[in-house]
Amino acid sequence: MDRYAVFGNPIAHSRSPFIHNFFAEETGEDISYEKILAPLDGFPDAVRKFFSEGGRGCNVTVPFKEEAFAMCESLSPRAEAAGAVNTLIFRDGVISGDNTDGAGFIADLKSQGVRIEGARVLLIGAGGASRGILFPLEAERPASLFIANRTVSKAEALAAKCSSVPVSAGTPADAAGTYDLVINATSSSLQGKLPGVPDSALRGAFAYDLMYGADPTVFLRHAEECGARGVSDGLGMLVMQAAESFFDWRGVRPDTSRLTGLLREALAKEQGGAR
Ligand code: ATR
């Protein structure tokens with residue numbers, strides 16, 4: 001049986017073991033998957049120990065994605081672009097890194113029938129979560145992209161990296177206008193706060209929050225009140241990014257269709273929330 005794990009700090013509430021064990025059963029792959037709490041100052045050592053004991057790969061979550069990036073001997077182009085790694089693969093003694101977050105996000109939007117090509121997109125936030133989805137988003141060729149962030153210099157720095165779509169940057173309050181897709185990639189929902197974009201930006205748009213929880217986030221509730229044409233939290237993205245990691249390790253694509261619903265039921269029972 002091949003061993004896999006997710007490393008993070010904290011890690012207790014991670015859904016990844018549930019997801020990957022479901023995939024293993026569904027595909028007939030003989031794997032085990034555990035969660036490992038790495039010390040804040042000891043992530044690379046914890047991963048190397050796991051690989052020396054037979055681990056074949058792992059997921060990496062907050063706050064270690066940049067450290068995982070730094071310890072890779074080879075990187076996928078999308079990990080390189082994101083500057084962060086959520087999937088490590090250990091093969092023939094070599095540690096390789098991938099970032100499946102953006103692909104998971106795009107796959108979830110597509111599964112909900114949301115068209116990105118030609119869309120006017122507002123991306124709120126300029127931290128790690130935004131960086132992880134920015135380049136896959138750009139590759140879908142939206143008509144325009146506005147990156148809004150409380151600290152405007154971070155939005156400007158991200159915008160400067162986009163070259164293939166018309167892009168602008170500003171504060172959330174600067175994001176007045178109409179959009180087809182508005183993405184909340186800030187951590188404001190964790191604090192129960194709104195990210196501060198004008199109500200008009202949400203009217204008629206599809207609103208997506210990378211956060212998820214048992215109940216709709218405060219951002220999604222507000223978007224509905226403003227007349228959004230649809231809303232989604234990030235639970236489907238969690239499932240889709242996991243499926244991409246599973247494919248990296250096993251070369252098999254699991255069927256994800258039932259899993260988001262099962263996780264939704266589990267969340268409702270526990271009333272927990274995370275990203
Ligand atoms: P993550 O990995 O979750 O992206 P991060 O890198 O710390 O975490 O980034 C958090 C993002 O949420 C940032 O864009 C942050 O804005 P600042 O760069 O100005 O700090 C944004 N954010 C957090 N709380 C917010 C709030 N209450 N309103 C608006 N933006 C918020």
# chains A, B, ... in the order shown; residues from 1 in each chain; ligands from 1
>>> residues_around(residues="Pro63 in chain A", least_positions_apart="5", cutoff="9 Å", atoms="only C-alpha atoms", output="PDB file with C-alpha atoms, in the first residue's frame")
ATOM      1  CA  GLY A   8      -0.271  21.686   7.452  1.00  0.00           C
ATOM      2  CA  ASN A   9      -0.438  23.639  10.701  1.00  0.00           C
ATOM      3  CA  PRO A  10      -3.184  23.491  11.857  1.00  0.00           C
ATOM      4  CA  LEU A  40       5.982  25.664  12.031  1.00  0.00           C
TER       5      LEU A  40
END
>>> residues_near_ligand(ligand="ligand 1", cutoff="7 Å", atoms="only C-alpha atoms and all ligand atoms", output="list in words")
Gly125, Ala126, Gly127, Gly128, Ala129, Ser130, Asn149, Arg150, Thr151, Lys154, Ala185, Thr186, Ser187, Ser188, Gln191, Lys193, Leu194, Pro195 and Gly196 of chain A
>>> write_last_selection(atoms="N, CA and C atoms", output="mmCIF file, in the first residue's frame")
data_model
loop_
_atom_site.group_PDB
_atom_site.id
_atom_site.type_symbol
_atom_site.label_atom_id
_atom_site.label_comp_id
_atom_site.auth_asym_id
_atom_site.auth_seq_id
_atom_site.Cartn_x
_atom_site.Cartn_y
_atom_site.Cartn_z
ATOM 1 N N GLY A 125 -8.579 40.392 -3.642
ATOM 2 C CA GLY A 125 -7.529 39.775 -2.835
ATOM 3 C C GLY A 125 -6.259 39.644 -3.639
ATOM 4 N N ALA A 126 -5.130 39.739 -2.963
ATOM 5 C CA ALA A 126 -3.848 39.639 -3.658
ATOM 6 C C ALA A 126 -2.842 38.857 -2.814
ATOM 7 N N GLY A 127 -3.352 37.916 -2.018
ATOM 8 C CA GLY A 127 -2.482 37.074 -1.203
ATOM 9 C C GLY A 127 -2.211 35.749 -1.906
ATOM 10 N N GLY A 128 -1.842 34.750 -1.112
ATOM 11 C CA GLY A 128 -1.490 33.445 -1.669
ATOM 12 C C GLY A 128 -2.627 32.811 -2.460
ATOM 13 N N ALA A 129 -3.844 32.952 -1.972
ATOM 14 C CA ALA A 129 -4.977 32.312 -2.651
ATOM 15 C C ALA A 129 -5.187 32.923 -4.038
ATOM 16 N N SER A 130 -5.037 34.234 -4.138
ATOM 17 C CA SER A 130 -5.172 34.905 -5.439
ATOM 18 C C SER A 130 -4.079 34.470 -6.394
ATOM 19 N N ASN A 149 -7.487 44.991 -4.111
ATOM 20 C CA ASN A 149 -6.973 44.589 -2.805
ATOM 21 C C ASN A 149 -6.888 45.780 -1.869
ATOM 22 N N ARG A 150 -7.170 45.496 -0.591
ATOM 23 C CA ARG A 150 -7.094 46.513 0.470
ATOM 24 C C ARG A 150 -5.727 47.214 0.431
ATOM 25 N N THR A 151 -4.667 46.436 0.366
ATOM 26 C CA THR A 151 -3.324 47.005 0.190
ATOM 27 C C THR A 151 -3.083 47.055 -1.314
ATOM 28 N N LYS A 154 -0.133 45.498 -3.480
ATOM 29 C CA LYS A 154 -0.085 44.049 -3.761
ATOM 30 C C LYS A 154 -0.924 43.708 -4.994
ATOM 31 N N ALA A 185 -11.133 36.142 -3.161
ATOM 32 C CA ALA A 185 -9.971 35.340 -2.759
ATOM 33 C C ALA A 185 -9.298 35.951 -1.535
ATOM 34 N N THR A 186 -10.035 36.796 -0.805
ATOM 35 C CA THR A 186 -9.512 37.316 0.465
ATOM 36 C C THR A 186 -9.903 36.345 1.580
ATOM 37 N N SER A 187 -9.366 36.611 2.764
ATOM 38 C CA SER A 187 -9.766 35.789 3.908
ATOM 39 C C SER A 187 -10.851 36.507 4.725
ATOM 40 N N SER A 188 -11.512 37.503 4.115
ATOM 41 C CA SER A 188 -12.494 38.294 4.875
ATOM 42 C C SER A 188 -13.641 37.436 5.414
ATOM 43 N N GLN A 191 -13.343 36.099 8.804
ATOM 44 C CA GLN A 191 -13.589 37.080 9.886
ATOM 45 C C GLN A 191 -15.052 37.511 9.911
ATOM 46 N N LYS A 193 -16.463 39.183 7.581
ATOM 47 C CA LYS A 193 -16.525 40.548 7.027
ATOM 48 C C LYS A 193 -16.653 40.513 5.511
ATOM 49 N N LEU A 194 -17.133 41.621 4.950
ATOM 50 C CA LEU A 194 -17.199 41.767 3.494
ATOM 51 C C LEU A 194 -15.894 42.376 2.998
ATOM 52 N N PRO A 195 -15.474 42.028 1.777
ATOM 53 C CA PRO A 195 -14.198 42.560 1.295
ATOM 54 C C PRO A 195 -14.261 44.003 0.830
ATOM 55 N N GLY A 196 -15.469 44.579 0.711
ATOM 56 C CA GLY A 196 -15.564 46.020 0.473
ATOM 57 C C GLY A 196 -15.724 46.469 -0.959
#
>>> atom_distance(atom1="CA of Asp174 in chain A", atom2="CA of Ala159 in chain A")
14.7 Å
>>> select_by_dssp(residues="range 165-225 of chain A", states="strand (DSSP E or B)", output="ChimeraX atom specification")
/A:167-170,181-184,206-209,212-213
>>> write_last_selection(atoms="C-alpha atoms", output="PDB file, in the first residue's frame")
ATOM      1  CA  VAL A 167      -5.757  44.125 -16.484  1.00  0.00           C
ATOM      2  CA  SER A 168      -6.158  46.911 -13.940  1.00  0.00           C
ATOM      3  CA  ALA A 169      -5.703  47.158 -10.194  1.00  0.00           C
ATOM      4  CA  GLY A 170      -7.081  49.206  -7.317  1.00  0.00           C
ATOM      5  CA  LEU A 181     -17.613  36.925 -12.502  1.00  0.00           C
ATOM      6  CA  VAL A 182     -16.542  38.217  -9.067  1.00  0.00           C
ATOM      7  CA  ILE A 183     -14.133  36.076  -7.063  1.00  0.00           C
ATOM      8  CA  ASN A 184     -13.496  36.624  -3.372  1.00  0.00           C
ATOM      9  CA  PHE A 206     -21.638  35.094 -10.705  1.00  0.00           C
ATOM     10  CA  ALA A 207     -20.056  35.383  -7.247  1.00  0.00           C
ATOM     11  CA  TYR A 208     -17.514  32.803  -6.093  1.00  0.00           C
ATOM     12  CA  ASP A 209     -15.941  32.674  -2.623  1.00  0.00           C
ATOM     13  CA  TYR A 212     -16.471  27.343   2.317  1.00  0.00           C
ATOM     14  CA  GLY A 213     -18.432  26.372   5.372  1.00  0.00           C
TER      15      GLY A 213
END
>>> residues_around(residues="Leu109 in chain A", least_positions_apart="5", cutoff="9 Å", atoms="only C-alpha atoms", output="VMD selection string")
chain A and resid 104 114 to 116 208 232 236 to 237
>>> write_last_selection(atoms="N, CA and C atoms", output="JSON list (two decimals), in the first residue's frame")
[["chain", "number", "residue", "atom", "x", "y", "z"],
["A", 104, "GLY", "N", -8.18, 23.30, -10.06],
["A", 104, "GLY", "CA", -9.38, 22.90, -9.32],
["A", 104, "GLY", "C", -10.45, 23.97, -9.36],
["A", 114, "VAL", "N", -20.10, 28.02, -15.65],
["A", 114, "VAL", "CA", -19.68, 29.44, -15.68],
["A", 114, "VAL", "C", -18.60, 29.60, -16.75],
["A", 115, "ARG", "N", -18.85, 30.52, -17.66],
["A", 115, "ARG", "CA", -17.94, 30.75, -18.77],
["A", 115, "ARG", "C", -16.94, 31.85, -18.38],
["A", 116, "ILE", "N", -15.66, 31.57, -18.56],
["A", 116, "ILE", "CA", -14.63, 32.56, -18.20],
["A", 116, "ILE", "C", -14.15, 33.28, -19.46],
["A", 208, "TYR", "N", -18.18, 34.02, -6.58],
["A", 208, "TYR", "CA", -17.51, 32.80, -6.09],
["A", 208, "TYR", "C", -16.64, 33.18, -4.90],
["A", 232, "SER", "N", -21.34, 30.61, -5.53],
["A", 232, "SER", "CA", -20.74, 29.32, -5.16],
["A", 232, "SER", "C", -19.65, 29.53, -4.14],
["A", 236, "GLY", "N", -16.39, 22.87, -4.01],
["A", 236, "GLY", "CA", -16.13, 22.13, -5.25],
["A", 236, "GLY", "C", -14.68, 22.26, -5.70],
["A", 237, "MET", "N", -14.10, 23.43, -5.46],
["A", 237, "MET", "CA", -12.68, 23.64, -5.79],
["A", 237, "MET", "C", -11.79, 22.72, -4.96]]
>>> residues_around(residues="Glu224 in chain A", least_positions_apart="5", cutoff="9 Å", atoms="only C-alpha atoms", output="list of chain:residue names")
A:Leu202, A:Arg203, A:Ala207, A:Phe219, A:Arg229, A:Gly230, A:Val231
>>> atom_distance(atom1="CA of Thr171 in chain A", atom2="CA of Gly204 in chain A")
20.9 Å
>>> closest_atom_pairs(of="range 15-48 of chain A", to="range 86-101 of chain A", cutoff="12 Å", atoms="only C-alpha atoms", output="JSON lines")
{"residue": "A:Ser16", "atom": "CA", "partner": "A:Asn86", "partner_atom": "CA", "distance": 11.8}
{"residue": "A:Pro44", "atom": "CA", "partner": "A:Ile95", "partner_atom": "CA", "distance": 11.3}
{"residue": "A:Val47", "atom": "CA", "partner": "A:Leu88", "partner_atom": "CA", "distance": 9.3}
{"residue": "A:Arg48", "atom": "CA", "partner": "A:Ile95", "partner_atom": "CA", "distance": 9.3}
>>> residues_around(residues="Phe50 in chain A", least_positions_apart="6", cutoff="12 Å", atoms="only C-alpha atoms", output="MDAnalysis selection string")
chainID A and resid 2:7 33:38 43:44 56:58 88:90
>>> write_last_selection(atoms="C-alpha atoms", output="compact mmCIF listing (two decimals), in the first residue's frame")
# COMPACT_ATOMS: atom_id res chain seq x y z
CA ASP A 2 1.45 3.37 -1.03
CA ARG A 3 1.45 6.13 1.57
CA TYR A 4 0.26 9.71 1.05
CA ALA A 5 -0.49 12.54 3.48
CA VAL A 6 -1.43 16.18 3.89
CA PHE A 7 0.91 18.48 5.82
CA TYR A 33 -3.69 8.85 3.29
CA GLU A 34 -3.11 10.51 6.65
CA LYS A 35 -2.85 14.04 8.05
CA ILE A 36 0.40 15.21 9.55
CA LEU A 37 0.85 18.28 11.74
CA ALA A 38 4.26 19.70 10.83
CA PHE A 43 8.17 21.47 7.52
CA PRO A 44 10.98 20.35 5.15
CA ARG A 56 5.08 8.62 -2.27
CA GLY A 57 3.52 12.06 -2.26
CA CYS A 58 1.70 14.62 -0.19
CA LEU A 88 4.55 17.04 -3.78
CA ILE A 89 5.45 13.91 -5.73
CA PHE A 90 8.34 11.66 -4.65
>>> residues_around(residues="Arg78 in chain A", least_positions_apart="3", cutoff="12 Å", atoms="only C-alpha atoms", output="number ranges by chain")
A: 69, 74-75, 81-87, 97-103, 131-139
>>> residues_around(residues="Ala119 in chain A", least_positions_apart="3", cutoff="9 Å", atoms="only C-alpha atoms", output="MDAnalysis selection string")
chainID A and resid 115:116 141:145 179:181
>>> write_last_selection(atoms="N, CA and C atoms", output="mmCIF file, in the first residue's frame")
data_model
loop_
_atom_site.group_PDB
_atom_site.id
_atom_site.type_symbol
_atom_site.label_atom_id
_atom_site.label_comp_id
_atom_site.auth_asym_id
_atom_site.auth_seq_id
_atom_site.Cartn_x
_atom_site.Cartn_y
_atom_site.Cartn_z
ATOM 1 N N ARG A 115 -18.847 30.520 -17.659
ATOM 2 C CA ARG A 115 -17.936 30.755 -18.766
ATOM 3 C C ARG A 115 -16.935 31.846 -18.382
ATOM 4 N N ILE A 116 -15.663 31.568 -18.557
ATOM 5 C CA ILE A 116 -14.634 32.559 -18.202
ATOM 6 C C ILE A 116 -14.146 33.282 -19.456
ATOM 7 N N ARG A 141 -8.631 33.219 -20.835
ATOM 8 C CA ARG A 141 -8.849 34.391 -21.690
ATOM 9 C C ARG A 141 -10.138 35.172 -21.377
ATOM 10 N N PRO A 142 -10.231 35.691 -20.138
ATOM 11 C CA PRO A 142 -11.326 36.624 -19.856
ATOM 12 C C PRO A 142 -11.149 37.890 -20.689
ATOM 13 N N ALA A 143 -12.251 38.658 -20.867
ATOM 14 C CA ALA A 143 -12.155 39.906 -21.645
ATOM 15 C C ALA A 143 -11.359 40.949 -20.878
ATOM 16 N N SER A 144 -11.530 40.965 -19.544
ATOM 17 C CA SER A 144 -10.796 41.933 -18.727
ATOM 18 C C SER A 144 -10.692 41.400 -17.307
ATOM 19 N N LEU A 145 -9.711 41.935 -16.590
ATOM 20 C CA LEU A 145 -9.481 41.488 -15.219
ATOM 21 C C LEU A 145 -9.173 42.706 -14.357
ATOM 22 N N TYR A 179 -19.553 43.321 -13.826
ATOM 23 C CA TYR A 179 -18.700 42.148 -14.035
ATOM 24 C C TYR A 179 -19.573 40.922 -14.298
ATOM 25 N N ASP A 180 -18.977 39.949 -14.989
ATOM 26 C CA ASP A 180 -19.656 38.666 -15.182
ATOM 27 C C ASP A 180 -19.313 37.695 -14.058
ATOM 28 N N LEU A 181 -18.098 37.855 -13.530
ATOM 29 C CA LEU A 181 -17.613 36.925 -12.502
ATOM 30 C C LEU A 181 -16.851 37.724 -11.448
#
>>> select_by_dssp(residues="range 79-156 of chain A", states="alpha helix (DSSP H)", output="ChimeraX atom specification")
/A:79-82,101-111,128-139,152-156
>>> write_last_selection(atoms="C-alpha atoms", output="PDB file, in the first residue's frame")
ATOM      1  CA  ALA A  79       3.603  25.663  -9.732  1.00  0.00           C
ATOM      2  CA  GLU A  80       6.382  27.849 -11.093  1.00  0.00           C
ATOM      3  CA  ALA A  81       3.834  30.526 -12.045  1.00  0.00           C
ATOM      4  CA  ALA A  82       2.072  30.410  -8.668  1.00  0.00           C
ATOM      5  CA  ASP A 101      -5.435  24.886  -6.786  1.00  0.00           C
ATOM      6  CA  GLY A 102      -5.987  26.964  -9.922  1.00  0.00           C
ATOM      7  CA  ALA A 103      -6.945  23.973 -12.053  1.00  0.00           C
ATOM      8  CA  GLY A 104      -9.379  22.895  -9.321  1.00  0.00           C
ATOM      9  CA  PHE A 105     -10.934  26.347  -9.289  1.00  0.00           C
ATOM     10  CA  ILE A 106     -11.350  26.451 -13.078  1.00  0.00           C
ATOM     11  CA  ALA A 107     -12.744  22.901 -13.177  1.00  0.00           C
ATOM     12  CA  ASP A 108     -15.310  23.751 -10.505  1.00  0.00           C
ATOM     13  CA  LEU A 109     -16.451  26.885 -12.343  1.00  0.00           C
ATOM     14  CA  LYS A 110     -16.789  24.925 -15.581  1.00  0.00           C
ATOM     15  CA  SER A 111     -18.729  22.159 -13.836  1.00  0.00           C
ATOM     16  CA  GLY A 128      -1.490  33.445  -1.669  1.00  0.00           C
ATOM     17  CA  ALA A 129      -4.977  32.312  -2.651  1.00  0.00           C
ATOM     18  CA  SER A 130      -5.172  34.905  -5.439  1.00  0.00           C
ATOM     19  CA  ARG A 131      -1.715  34.048  -6.725  1.00  0.00           C
ATOM     20  CA  GLY A 132      -2.699  30.387  -6.906  1.00  0.00           C
ATOM     21  CA  ILE A 133      -5.623  31.006  -9.250  1.00  0.00           C
ATOM     22  CA  LEU A 134      -4.425  34.017 -11.235  1.00  0.00           C
ATOM     23  CA  PHE A 135      -2.512  32.328 -14.054  1.00  0.00           C
ATOM     24  CA  PRO A 136      -5.024  29.539 -14.725  1.00  0.00           C
ATOM     25  CA  LEU A 137      -7.687  32.261 -14.778  1.00  0.00           C
ATOM     26  CA  GLU A 138      -5.690  34.343 -17.245  1.00  0.00           C
ATOM     27  CA  ALA A 139      -5.184  31.281 -19.452  1.00  0.00           C
ATOM     28  CA  VAL A 152      -3.324  48.323  -3.337  1.00  0.00           C
ATOM     29  CA  SER A 153       0.404  47.826  -3.971  1.00  0.00           C
ATOM     30  CA  LYS A 154      -0.085  44.049  -3.761  1.00  0.00           C
ATOM     31  CA  ALA A 155      -2.867  44.206  -6.365  1.00  0.00           C
ATOM     32  CA  GLU A 156      -0.628  46.282  -8.618  1.00  0.00           C
TER      33      GLU A 156
END
>>> closest_residue(among="A:Arg258, A:Lys161, A:Arg264, A:Lys65", to="Asp233 in chain A", atoms="only C-alpha atoms")
A:Arg264
>>> closest_residue(among="A:Cys72, A:Ala266, A:Ala242, A:Leu259", to="Asn59 in chain A", atoms="only C-alpha atoms")
A:Ala242
